[in-house]
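Asker: Input structure-v3.txt, format and content: compact mmCIF, C-alpha atoms.
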# COMPACT_ATOMS: atom_id res chain seq x y z
CA MET A 1 -26.19 -3.65 20.91
CA SER A 2 -26.12 0.09 20.50
CA VAL A 3 -23.49 2.09 22.34
CA ASN A 4 -23.09 5.84 22.27
CA ALA A 5 -19.73 6.44 23.87
CA ASP A 6 -19.10 10.05 24.89
CA LEU A 7 -15.32 10.43 24.68
CA ASN A 8 -15.41 14.09 25.77
CA GLY A 9 -14.56 15.18 22.26
CA SER A 10 -10.91 14.07 22.57
CA ILE A 11 -10.89 11.98 19.40
CA ALA A 12 -12.77 14.62 17.45
CA VAL A 13 -10.39 17.51 18.08
CA GLY A 14 -8.43 17.20 14.85
CA LEU A 15 -11.44 16.34 12.71
CA LEU A 16 -13.75 19.02 14.02
CA SER A 17 -11.08 21.70 13.89
CA ALA A 18 -10.54 21.17 10.17
CA PRO A 19 -12.08 24.14 8.32
CA LEU A 20 -13.81 22.25 5.49
CA PRO A 21 -15.71 19.71 7.66
CA SER A 22 -16.71 22.53 10.00
CA ARG A 23 -18.29 24.46 7.13
CA ILE A 24 -20.08 21.35 5.89
CA ILE A 25 -21.46 20.53 9.33
CA SER A 26 -22.65 24.08 9.86
CA ALA A 27 -24.37 24.30 6.47
CA ILE A 28 -26.10 20.92 6.81
CA THR A 29 -27.15 21.56 10.42
CA ASP A 30 -28.62 24.94 9.45
CA ALA A 31 -30.62 23.15 6.72
CA GLY A 32 -32.15 20.76 9.27
CA GLY A 33 -29.89 17.79 8.53
CA GLU A 34 -27.04 16.04 10.29
CA ALA A 35 -23.51 15.20 9.16
CA ARG A 36 -21.06 12.85 10.84
CA PHE A 37 -17.60 11.49 10.23
CA VAL A 38 -17.75 7.83 9.19
CA GLY A 39 -15.69 4.84 8.16
CA GLY A 40 -12.01 4.18 8.54
CA MET A 41 -11.06 7.64 9.70
CA VAL A 42 -13.30 7.26 12.75
CA ARG A 43 -11.80 3.83 13.43
CA ASP A 44 -8.28 5.23 13.24
CA ALA A 45 -9.15 8.26 15.37
CA VAL A 46 -10.57 5.96 18.04
CA LEU A 47 -7.52 3.70 17.89
CA LEU A 48 -5.09 6.60 18.20
CA HIS A 49 -7.44 8.44 20.57
CA ASP A 50 -5.44 11.58 21.21
CA LYS A 51 -4.13 12.09 17.69
CA SER A 52 -5.01 15.61 16.60
CA ASP A 53 -4.10 15.49 12.95
CA HIS A 54 -6.36 14.14 10.24
CA PRO A 55 -6.03 12.67 6.74
CA GLY A 56 -6.11 14.87 3.66
CA ASP A 57 -9.34 13.27 2.43
CA ILE A 58 -12.22 12.92 4.87
CA ASP A 59 -15.28 10.64 4.74
CA MET A 60 -18.58 11.97 6.04
CA ALA A 61 -22.24 10.98 5.78
CA THR A 62 -25.42 13.01 6.01
CA THR A 63 -29.16 12.66 6.38
CA LEU A 64 -29.85 15.14 3.55
CA HIS A 65 -30.87 13.86 0.12
CA PRO A 66 -28.08 14.26 -2.51
CA ASP A 67 -30.00 16.98 -4.35
CA ASP A 68 -30.34 18.92 -1.11
CA VAL A 69 -26.68 18.37 -0.30
CA VAL A 70 -25.66 19.98 -3.58
CA ARG A 71 -28.04 22.90 -3.13
CA VAL A 72 -27.13 23.57 0.51
CA LEU A 73 -23.36 23.32 0.13
CA LYS A 74 -23.23 25.39 -3.04
CA GLY A 75 -25.29 27.97 -1.21
CA ALA A 76 -22.62 27.95 1.51
CA GLY A 77 -19.97 28.80 -1.07
CA LEU A 78 -18.43 25.33 -1.34
CA ARG A 79 -17.52 23.55 -4.54
CA VAL A 80 -19.53 20.33 -4.95
CA ILE A 81 -18.53 17.68 -7.49
CA PRO A 82 -21.10 14.90 -8.22
CA THR A 83 -18.49 12.11 -8.26
CA GLY A 84 -20.97 9.35 -7.36
CA ILE A 85 -24.28 11.10 -7.22
CA ALA A 86 -26.28 8.01 -8.27
CA HIS A 87 -25.13 6.36 -5.04
CA GLY A 88 -25.45 9.53 -3.00
CA THR A 89 -21.79 10.59 -2.98
CA VAL A 90 -20.40 14.03 -3.75
CA THR A 91 -16.91 15.42 -3.34
CA VAL A 92 -16.78 18.72 -1.49
CA VAL A 93 -13.88 21.08 -2.04
CA ALA A 94 -13.13 24.34 -0.29
CA PRO A 95 -12.93 27.17 -2.85
CA GLN A 96 -9.45 28.58 -3.22
CA ASN A 97 -8.32 32.11 -3.89
CA PRO A 98 -7.06 32.10 -6.54
CA PRO A 99 -8.92 29.00 -7.81
CA HIS A 100 -6.79 25.91 -7.96
CA PRO A 101 -5.37 25.54 -11.49
CA SER A 102 -5.97 21.79 -11.75
CA PRO A 103 -9.26 20.02 -10.98
CA GLN A 104 -7.26 16.82 -10.54
CA THR A 105 -5.49 18.23 -7.47
CA PRO A 106 -8.05 20.39 -5.72
CA GLY A 107 -6.51 20.24 -2.25
CA PRO A 108 -8.19 18.75 0.88
CA VAL A 109 -11.58 17.23 0.07
CA VAL A 110 -14.50 15.61 1.83
CA GLU A 111 -16.33 12.63 0.37
CA LEU A 112 -19.90 13.17 1.57
CA THR A 113 -22.50 10.42 1.15
CA THR A 114 -26.20 10.40 1.93
CA LEU A 115 -27.34 7.65 4.32
CA ARG A 116 -28.58 4.67 2.36
CA GLU A 117 -29.69 1.06 2.34
CA ASP A 118 -28.80 -1.59 -0.23
CA ILE A 119 -31.86 -2.79 -2.15
CA THR A 120 -30.15 -5.27 -4.50
CA THR A 121 -26.54 -6.33 -5.00
CA ASP A 122 -24.69 -8.35 -7.63
CA GLY A 123 -21.54 -9.25 -5.73
CA ARG A 124 -19.81 -5.98 -6.47
CA HIS A 125 -22.32 -3.13 -7.02
CA ALA A 126 -25.54 -2.25 -5.24
CA GLU A 127 -28.80 -0.47 -5.97
CA VAL A 128 -29.43 1.84 -3.04
CA ARG A 129 -32.29 3.69 -1.39
CA PHE A 130 -31.54 6.93 0.44
CA GLY A 131 -32.61 7.28 4.05
CA THR A 132 -32.10 9.06 7.34
CA ASP A 133 -31.41 6.14 9.72
CA TRP A 134 -27.81 6.07 10.94
CA THR A 135 -28.07 2.50 12.27
CA GLU A 136 -29.40 1.17 8.96
CA ASP A 137 -26.56 2.91 7.15
CA ALA A 138 -24.04 1.39 9.57
CA ARG A 139 -25.62 -2.03 9.00
CA ARG A 140 -24.56 -1.99 5.34
CA ARG A 141 -20.87 -1.43 6.18
CA ASP A 142 -18.48 -4.34 6.02
CA PHE A 143 -16.91 -4.72 9.48
CA THR A 144 -17.91 -3.63 12.94
CA ILE A 145 -14.72 -1.60 13.30
CA ASN A 146 -15.73 0.40 10.21
CA SER A 147 -19.36 0.93 11.25
CA MET A 148 -18.79 3.64 13.86
CA SER A 149 -19.63 7.31 13.29
CA LEU A 150 -18.61 10.47 15.08
CA ASP A 151 -20.93 13.45 15.44
CA HIS A 152 -20.03 17.11 15.70
CA HIS A 153 -20.22 16.97 19.51
CA GLY A 154 -17.41 14.42 19.59
CA LYS A 155 -19.75 11.56 20.49
CA LEU A 156 -18.98 8.12 19.09
CA HIS A 157 -21.97 6.16 17.77
CA ASP A 158 -21.23 2.44 17.77
CA PRO A 159 -24.32 0.29 17.10
CA PHE A 160 -22.46 -2.96 16.40
CA GLY A 161 -19.69 -3.08 18.99
CA GLY A 162 -16.88 -1.86 16.78
CA LEU A 163 -15.03 -0.14 19.61
CA ALA A 164 -14.82 -3.33 21.68
CA ASP A 165 -13.72 -5.32 18.63
CA LEU A 166 -11.07 -2.74 17.78
CA LYS A 167 -9.62 -2.86 21.29
CA ALA A 168 -9.64 -6.66 21.26
CA GLY A 169 -8.10 -6.89 17.80
CA ILE A 170 -11.12 -8.66 16.30
CA VAL A 171 -12.17 -8.14 12.68
CA ARG A 172 -15.79 -9.21 12.36
CA PHE A 173 -18.42 -8.69 9.70
CA VAL A 174 -21.50 -6.65 10.51
CA GLY A 175 -24.26 -9.26 10.59
CA ASP A 176 -24.00 -12.57 8.74
CA ALA A 177 -20.56 -12.98 7.14
CA GLU A 178 -21.72 -14.99 4.14
CA THR A 179 -24.46 -12.49 3.34
CA ARG A 180 -22.08 -9.56 3.58
CA ILE A 181 -19.55 -11.23 1.29
CA ARG A 182 -22.15 -12.12 -1.32
CA GLU A 183 -23.06 -8.42 -1.43
CA ASP A 184 -19.48 -7.58 -2.45
CA TYR A 185 -16.83 -10.25 -2.97
CA LEU A 186 -14.06 -7.70 -2.58
CA ARG A 187 -14.84 -7.89 1.14
CA ILE A 188 -12.87 -11.13 1.22
CA MET A 189 -9.69 -9.23 0.45
CA ARG A 190 -10.69 -6.36 2.69
CA PHE A 191 -11.11 -8.81 5.56
CA PHE A 192 -7.51 -9.95 5.22
CA ARG A 193 -6.24 -6.39 4.85
CA PHE A 194 -7.95 -5.26 8.02
CA TYR A 195 -7.09 -8.45 9.88
CA SER A 196 -3.46 -7.98 8.87
CA ARG A 197 -3.54 -4.47 10.26
CA PHE A 198 -5.66 -4.85 13.39
CA GLY A 199 -5.94 -8.56 14.19
CA LYS A 200 -4.65 -9.65 17.60
CA THR A 201 -6.48 -12.95 17.90
CA ALA A 202 -7.19 -15.90 15.65
CA PRO A 203 -9.27 -14.81 12.63
CA ASP A 204 -13.01 -14.79 13.18
CA ALA A 205 -14.29 -18.33 12.63
CA GLU A 206 -17.56 -17.29 10.94
CA ALA A 207 -15.68 -15.00 8.58
CA MET A 208 -13.15 -17.72 7.67
CA GLN A 209 -15.91 -20.25 7.00
CA ALA A 210 -17.71 -17.87 4.67
CA ILE A 211 -14.51 -16.80 2.91
CA THR A 212 -13.46 -20.40 2.30
CA LEU A 213 -16.89 -21.10 0.81
CA LEU A 214 -16.93 -18.05 -1.45
CA ALA A 215 -13.28 -17.40 -2.29
CA GLU A 216 -13.65 -18.62 -5.88
CA HIS A 217 -15.81 -15.58 -6.63
CA LEU A 218 -12.77 -13.32 -6.36
CA ASP A 219 -12.29 -13.94 -10.08
CA ARG A 220 -15.09 -11.37 -10.51
CA ILE A 221 -13.00 -8.63 -8.91
CA SER A 222 -10.82 -6.42 -11.11
CA GLY A 223 -7.06 -6.73 -11.02
CA GLU A 224 -6.69 -3.12 -9.95
CA ARG A 225 -8.81 -3.65 -6.85
CA MET A 226 -7.12 -6.94 -6.04
CA GLY A 227 -3.75 -5.25 -6.39
CA HIS A 228 -4.80 -2.44 -4.05
CA GLU A 229 -5.84 -4.90 -1.35
CA MET A 230 -2.70 -7.00 -1.74
CA ARG A 231 -0.51 -3.93 -1.34
CA GLY A 232 -2.20 -3.25 1.98
CA ILE A 233 -1.93 -6.87 3.09
CA MET A 234 1.76 -7.14 2.25
CA ALA A 235 2.56 -3.70 3.68
CA ALA A 236 1.15 -4.83 7.04
CA GLY A 237 3.63 -7.70 7.14
CA HIS A 238 1.36 -9.84 9.32
CA LEU A 239 2.19 -13.55 9.22
CA PRO A 240 -1.09 -14.67 10.83
CA GLY A 241 -2.94 -12.82 8.07
CA LEU A 242 -0.96 -14.57 5.34
CA LYS A 243 -1.50 -17.93 7.02
CA ALA A 244 -5.23 -17.22 7.20
CA MET A 245 -5.28 -16.49 3.48
CA MET A 246 -3.61 -19.85 2.89
CA ARG A 247 -6.11 -21.70 5.07
CA ALA A 248 -8.98 -20.21 3.08
CA GLY A 249 -7.29 -20.95 -0.28
CA VAL A 250 -7.17 -17.26 -1.21
CA ASP A 251 -3.40 -17.34 -1.77
CA ARG A 252 -3.88 -19.59 -4.82
CA LEU A 253 -6.11 -16.96 -6.39
CA ILE A 254 -3.17 -14.54 -6.15
CA ALA A 255 -0.46 -16.97 -7.26
CA PRO A 256 -1.33 -20.37 -8.78
CA GLY A 257 1.17 -22.16 -6.55
CA GLY A 258 0.06 -20.33 -3.43
CA PHE A 259 2.30 -18.82 -0.76
CA LYS A 260 5.45 -20.35 0.75
CA LEU A 261 6.23 -18.63 4.04
CA ASP A 262 9.61 -20.21 4.85
CA GLY A 263 11.96 -17.43 5.94
CA MET A 264 9.25 -14.77 5.87
CA GLN A 265 9.53 -14.04 9.59
CA ALA A 266 13.20 -13.16 9.18
CA LEU A 267 12.42 -10.96 6.21
CA LEU A 268 9.66 -9.09 8.03
CA ALA A 269 12.05 -8.40 10.91
CA LEU A 270 14.43 -6.66 8.52
CA LYS A 271 14.17 -2.90 8.85
CA GLY A 272 13.55 -1.20 5.52
CA PHE A 273 12.42 -4.30 3.61
CA ASP A 274 8.85 -3.09 3.36
CA ALA A 275 7.95 -2.76 -0.33
CA PRO A 276 4.76 -4.84 -0.69
CA MET A 277 5.72 -6.49 -3.99
CA LEU A 278 9.20 -7.37 -2.76
CA ARG A 279 7.58 -9.18 0.14
CA LEU A 280 5.05 -10.87 -2.12
CA GLY A 281 7.77 -11.93 -4.53
CA PHE A 282 9.59 -13.70 -1.72
CA ILE A 283 6.66 -15.97 -0.90
CA ILE A 284 5.55 -17.00 -4.40
CA ALA A 285 7.24 -19.30 -6.88
CA GLY A 286 9.11 -17.89 -9.85
CA ALA A 287 6.78 -19.68 -12.22
CA ASP A 288 3.88 -17.66 -10.80
CA ARG A 289 5.40 -14.22 -11.23
CA GLN A 290 3.92 -13.28 -14.58
CA ALA A 291 0.47 -14.64 -13.72
CA THR A 292 0.49 -12.73 -10.44
CA ALA A 293 1.67 -9.49 -12.06
CA THR A 294 -1.09 -9.80 -14.65
CA ARG A 295 -3.78 -10.69 -12.12
CA LEU A 296 -2.92 -7.73 -9.88
CA ARG A 297 -2.33 -5.31 -12.78
CA LEU A 298 1.07 -4.39 -11.39
CA SER A 299 3.13 -1.50 -12.68
CA ARG A 300 6.39 -2.27 -14.45
CA ARG A 301 8.32 -1.31 -11.34
CA GLU A 302 6.20 -3.56 -9.12
CA ALA A 303 6.50 -6.48 -11.55
CA ARG A 304 10.27 -6.08 -11.45
CA GLN A 305 10.19 -6.07 -7.65
CA LEU A 306 8.14 -9.25 -7.77
CA ALA A 307 10.86 -10.89 -9.87
CA LEU A 308 13.82 -9.83 -7.70
CA ALA A 309 13.42 -12.84 -5.44
CA ASP A 310 14.58 -15.08 -8.29
CA ASP A 311 17.64 -12.92 -8.97
CA ALA A 312 19.88 -14.61 -6.43
CA VAL A 313 23.35 -13.47 -5.41
CA ASP A 314 26.14 -15.05 -3.38
CA ALA A 315 25.19 -13.51 -0.06
CA GLY A 316 28.50 -14.32 1.62
CA SER A 317 30.46 -12.37 -0.98
CA LEU A 318 28.61 -9.19 -0.02
CA GLU A 319 29.33 -9.51 3.69
CA GLY A 320 33.15 -9.35 3.62
CA GLY A 321 35.55 -6.45 3.61
CA ASP A 322 35.67 -6.36 -0.18
CA TRP A 323 31.91 -6.13 -0.52
CA GLN A 324 32.06 -3.10 -2.81
CA GLN A 325 34.26 -4.88 -5.33
CA GLN A 326 31.87 -7.83 -5.24
CA ALA A 327 28.76 -5.69 -5.51
CA TRP A 328 29.88 -3.28 -8.19
CA PRO A 329 29.86 -5.70 -11.16
CA LEU A 330 26.29 -6.66 -10.24
CA LEU A 331 25.14 -3.07 -10.71
CA ARG A 332 27.42 -1.46 -13.26
CA SER A 333 24.96 -2.09 -16.08
CA GLY A 334 22.71 0.50 -14.45
CA GLU A 335 19.71 -1.82 -14.61
CA GLN A 336 19.30 -1.92 -10.84
CA ALA A 337 19.64 0.55 -8.03
CA PRO A 338 21.73 -0.30 -4.95
CA GLU A 339 18.56 -0.78 -2.90
CA ASP A 340 17.50 -3.50 -5.35
CA LEU A 341 20.77 -5.28 -4.76
CA ALA A 342 20.19 -4.92 -1.03
CA SER A 343 16.83 -6.66 -1.48
CA ARG A 344 18.38 -9.41 -3.59
CA TYR A 345 21.03 -9.88 -0.93
CA ALA A 346 18.47 -10.09 1.90
CA MET A 347 16.33 -12.68 0.15
CA SER A 348 19.36 -14.70 -0.94
CA ALA A 349 20.90 -14.59 2.54
CA ILE A 350 17.72 -15.92 4.15
CA ARG A 351 17.45 -18.72 1.63
CA GLN A 352 21.14 -19.59 1.88
CA SER A 353 21.69 -19.34 5.63
CA GLY A 354 18.42 -18.31 7.26
CA THR A 355 19.81 -15.02 8.54
CA VAL A 356 20.70 -11.56 7.24
CA ASP A 357 23.81 -9.58 8.16
CA GLN A 358 22.14 -6.32 9.17
CA ALA A 359 25.30 -4.27 8.60
CA ALA A 360 25.71 -5.68 5.08
CA TYR A 361 22.08 -4.99 4.24
CA ARG A 362 22.35 -1.42 5.55
CA ARG A 363 25.57 -0.78 3.61
CA LEU A 364 23.99 -1.92 0.36
CA ASN A 365 20.90 0.19 0.92
CA GLU A 366 22.93 3.30 1.60
CA TRP A 367 25.62 2.74 -1.00
CA HIS A 368 26.21 5.35 -3.68
CA LEU A 369 27.40 3.47 -6.72
CA PRO A 370 30.91 4.71 -7.65
CA VAL A 371 31.46 6.10 -11.13
CA MET A 372 34.73 5.32 -12.84
CA PRO A 373 36.52 8.56 -13.81
CA LEU A 374 37.30 7.28 -17.29
CA GLY A 375 35.02 6.36 -20.16
CA GLY A 376 34.73 5.34 -23.76
CA ASP A 377 35.42 8.87 -25.02
CA ASP A 378 38.86 8.74 -23.45
CA ILE A 379 39.62 5.57 -25.35
CA ARG A 380 38.31 6.98 -28.65
CA GLU A 381 40.45 10.09 -28.21
CA ARG A 382 43.47 7.84 -28.31
CA GLY A 383 42.55 6.63 -31.76
CA VAL A 384 40.69 3.43 -30.97
CA PRO A 385 37.85 3.07 -33.51
CA ALA A 386 34.27 2.80 -32.29
CA GLY A 387 33.14 -0.77 -31.81
CA GLU A 388 33.45 -3.74 -29.49
CA GLY A 389 37.14 -3.07 -28.95
CA ILE A 390 36.38 -0.05 -26.79
CA GLY A 391 34.14 -2.14 -24.53
CA VAL A 392 36.81 -4.82 -24.14
CA ILE A 393 39.42 -2.26 -23.09
CA LEU A 394 36.97 -0.48 -20.79
CA ARG A 395 36.14 -3.69 -18.95
CA ARG A 396 39.86 -4.45 -18.41
CA ILE A 397 40.36 -1.03 -16.87
CA GLU A 398 37.17 -1.33 -14.81
CA ALA A 399 38.41 -4.60 -13.34
CA GLU A 400 41.65 -2.98 -12.15
CA TRP A 401 39.79 0.05 -10.80
CA ALA A 402 37.40 -2.18 -8.82
CA ALA A 403 40.29 -4.35 -7.56
CA SER A 404 41.90 -1.21 -6.13
CA GLY A 405 38.80 -0.56 -4.06
CA PHE A 406 37.85 2.21 -6.51
CA GLN A 407 40.89 4.21 -5.37
CA LEU A 408 42.71 4.63 -8.71
CA SER A 409 42.50 8.23 -9.93
CA ARG A 410 41.74 9.38 -13.45
CA ASP A 411 45.45 9.91 -14.08
CA ASP A 412 46.15 6.38 -12.83
CA LEU A 413 43.53 4.99 -15.19
CA LEU A 414 44.77 6.98 -18.18
CA LYS A 415 48.26 5.55 -17.57
CA LYS A 416 46.84 2.04 -17.50
CA LEU A 417 44.97 2.80 -20.72
CA ASP A 418 48.21 3.89 -22.36
CA ASP A 419 49.94 0.75 -21.13
CA ILE A 420 47.16 -1.42 -22.62
CA LEU A 421 47.25 0.39 -25.96
CA ALA A 422 51.01 0.09 -26.10
CA THR A 423 50.78 -3.70 -25.95
CA GLU A 424 47.96 -4.03 -28.50
Written as structure tokens, that's how I'd like the structure from this file.
Answerer:
Amino acid sequence: MSVNADLNGSIAVGLLSAPLPSRIISAITDAGGEARFVGGMVRDAVLLHDKSDHPGDIDMATTLHPDDVVRVLKGAGLRVIPTGIAHGTVTVVAPQNPPHPSPQTPGPVVELTTLREDITTDGRHAEVRFGTDWTEDARRRDFTINSMSLDHHGKLHDPFGGLADLKAGIVRFVGDAETRIREDYLRIMRFFRFYSRFGKTAPDAEAMQAITLLAEHLDRISGERMGHEMRGIMAAGHLPGLKAMMRAGVDRLIAPGGFKLDGMQALLALKGFDAPMLRLGFIIAGADRQATATRLRLSRREARQLALADDAVDAGSLEGGDWQQQAWPLLRSGEQAPEDLASRYAMSAIRQSGTVDQAAYRRLNEWHLPVMPLGGDDIRERGVPAGEGIGVILRRIEAEWAASGFQLSRDDLLKKLDDILATE
């Protein structure tokens, strides 16, 4: 079915008013070609409908051959970078005055790709043939909700029913699901990312059947790309999506022991607990942490977040009136920030009692770790030689300072130091 839905330009206001796309459209139209907005940005514009802003990077497609694109846009005074010219993609940058000092941060850009068809694929990359048929280009996209395009009149072109699927919360492959996955196995992970974000119904049965059949081929996908998709999946915090991954066996390709979702609903309901790797760490076994971090090529920070779930605390001790005295020894080494302790508390509380004290969690997240107004230099100035002895004395004083609710002043602590030294 082909549907051209005229939405009176309302969803195109923000996109068409952006200076760089306007210049591109004008130049390509004057050269006898056509340019449209495509992909996820069209999907999101349709979903939000009246939203007038637009992302920093914009995806567009055109009927002009890549060589003509470069010639026409350079002639219009735009900077054109051949970032993926073999597959018809260039990056278009508005010239700046003065020129931007760093090519790595050129400002707002448009990724512009010539319409194309896939000739051959190997499960990740494709050999393409350039064309001028918008429907054939849309046919090679992964999901119906990503196959829509928006022209410069504000008209939505929707050859595969993406608008209806988006409104219904259905994530469905364009054409045969198994064929589309075999073209690019990363689409398995993309399915779960989009289902986690947009799904309102049970996952598409044809998609799930194909994914279950082909999931083992995810071992051909790089860790970086797997990590990117998992961040999106976990950021969405969508239990049906995680359960669908488990039904298809995809979870065991992320963590050898798979996912364990006990308590996850309570964690997802917790405001502020939204770091993807904290969430992932909660649902995988400790024995899987290193394998998962390696598979997803996680950063050091993310790997540490993954491991926090195993760093349990006595949740009850952090909920009482003396919570600061209980929390401070857990953080004084400086190895963790207060928000990390808040995460440890939340995960421990759910595992220990099934619930989280929202006030306790908020306090830990907002806590500024107190700094004792006395240090090792003060002890050395009183003639104590450098060595373990200073640490022993410092810990004794720290204990009394914490027991006071961190109220003892520097003068109070110096007096206690003198008292300790007098008895040594």
Asker: When you draw a straight line from CA of Ala315 (chain A) to CA of Lys271 (chain A), how long is it in Å?
Answerer: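 Answer for the CA of Ala315 (chain A) to CA of Lys271 (chain A) separation: 17.7 Å.
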Asker: Of the residues A:Ala269, A:Leu306, A:Ala168, A:Leu278, which is the one nearest to Leu47 (chain A), using all atoms listed in the file?
Answerer: A:Ala168
Asker: With distances taken over all atoms listed in the file, which residue among A:Ala255, A:Ala275, A:Val80, A:Ala312 lies nearest Ala293 (chain A)?
Answerer: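 The shortest atom-to-atom distance to Ala293 (chain A) comes from A:Ala255.
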Asker: Kindly indicate which residue among A:Val128, A:Leu186, A:Ala307, A:Ile58 lies nearest to Gly88 (chain A), using all atoms listed in the file for the distances.
Answerer: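 The shortest atom-to-atom distance to Gly88 (chain A) comes from A:Val128.
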Asker: Tell me which of A:Ala360, A:Pro21, A:Phe130, A:Leu298 sits closest to Gly320 (chain A), counting all atoms listed in the file.
Answerer: A:Ala360
Asker: Just want the 8 Å neighbourhood of Glu178 (chain A), counted on only C-alpha atoms, with same-chain residues fewer than 2 positions away dropped. Output as a VMD selection string.
Answerer: chain A and resid 176 180 to 182 207 210 to 211 214
Asker: Just to confirm, what's the straight-line distance from CA of Thr62 (chain A) to CA of Asp165 (chain A) in Å (one decimal)?
Answerer: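 Going from CA of Thr62 (chain A) over to CA of Asp165 (chain A) covers 25.1 Å.
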Asker: Select, from A:Arg129, A:Arg190, A:Arg344, A:Arg139, the residue with the minimum atom-to-atom distance to Val313 (chain A), counting only C-alpha atoms.
Answerer: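 That would be A:Arg344, the residue with the smallest distance to Val313 (chain A).
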Asker: Would you list the contacts of Ala177 (chain A) as a PDB file with C-alpha atoms, in the coordinates of the input, taking every protein, DNA or RNA residue within 10 Å and counting all atoms listed in the file, but skipping same-chain residues closer than 5 positions in sequence?
Answerer:
ATOM      1  CA  ASP A 142     -18.480  -4.340   6.020  1.00  0.00           C
ATOM      2  CA  PHE A 143     -16.910  -4.720   9.480  1.00  0.00           C
ATOM      3  CA  ARG A 172     -15.790  -9.210  12.360  1.00  0.00           C
ATOM      4  CA  ARG A 182     -22.150 -12.120  -1.320  1.00  0.00           C
ATOM      5  CA  ARG A 187     -14.840  -7.890   1.140  1.00  0.00           C
ATOM      6  CA  ILE A 188     -12.870 -11.130   1.220  1.00  0.00           C
ATOM      7  CA  ASP A 204     -13.010 -14.790  13.180  1.00  0.00           C
ATOM      8  CA  ALA A 205     -14.290 -18.330  12.630  1.00  0.00           C
ATOM      9  CA  GLU A 206     -17.560 -17.290  10.940  1.00  0.00           C
ATOM     10  CA  ALA A 207     -15.680 -15.000   8.580  1.00  0.00           C
ATOM     11  CA  MET A 208     -13.150 -17.720   7.670  1.00  0.00           C
ATOM     12  CA  GLN A 209     -15.910 -20.250   7.000  1.00  0.00           C
ATOM     13  CA  ALA A 210     -17.710 -17.870   4.670  1.00  0.00           C
ATOM     14  CA  ILE A 211     -14.510 -16.800   2.910  1.00  0.00           C
TER      15      ILE A 211
END
Asker: Taking all atoms listed in the file into account, name the residue in A:Pro240, A:Gly354, A:Gly257, A:Gly383 that is nearest to Leu417 (chain A).
Answerer: A:Gly383
Asker: Enumerate, in order of chain and increasing residue number, the residues of region 25-95 of chain A with an atom no farther than 12 Å from region 150-153 of chain A, each with its shortest atom pair and distance in Å to one decimal, counting only C-alpha atoms, as CSV.
Answerer:
residue,atom,partner,partner_atom,distance
A:Ile25,CA,A:His152,CA,7.4
A:Ser26,CA,A:His152,CA,9.5
A:Ile28,CA,A:His152,CA,11.4
A:Thr29,CA,A:His152,CA,9.9
A:Glu34,CA,A:Asp151,CA,8.4
A:Ala35,CA,A:Asp151,CA,7.0
A:Arg36,CA,A:Asp151,CA,4.6
A:Phe37,CA,A:Leu150,CA,5.1
A:Val38,CA,A:Leu150,CA,6.5
A:Gly39,CA,A:Leu150,CA,9.4
A:Gly40,CA,A:Leu150,CA,11.2
A:Met41,CA,A:Leu150,CA,9.7
A:Val42,CA,A:Leu150,CA,6.6
A:Arg43,CA,A:Leu150,CA,9.7
A:Asp44,CA,A:Leu150,CA,11.7
A:Ala45,CA,A:Leu150,CA,9.7
A:Val46,CA,A:Leu150,CA,9.7
A:Asp59,CA,A:Leu150,CA,10.9
A:Met60,CA,A:Leu150,CA,9.2
A:Ala61,CA,A:Leu150,CA,10.0
A:Thr62,CA,A:Asp151,CA,10.5
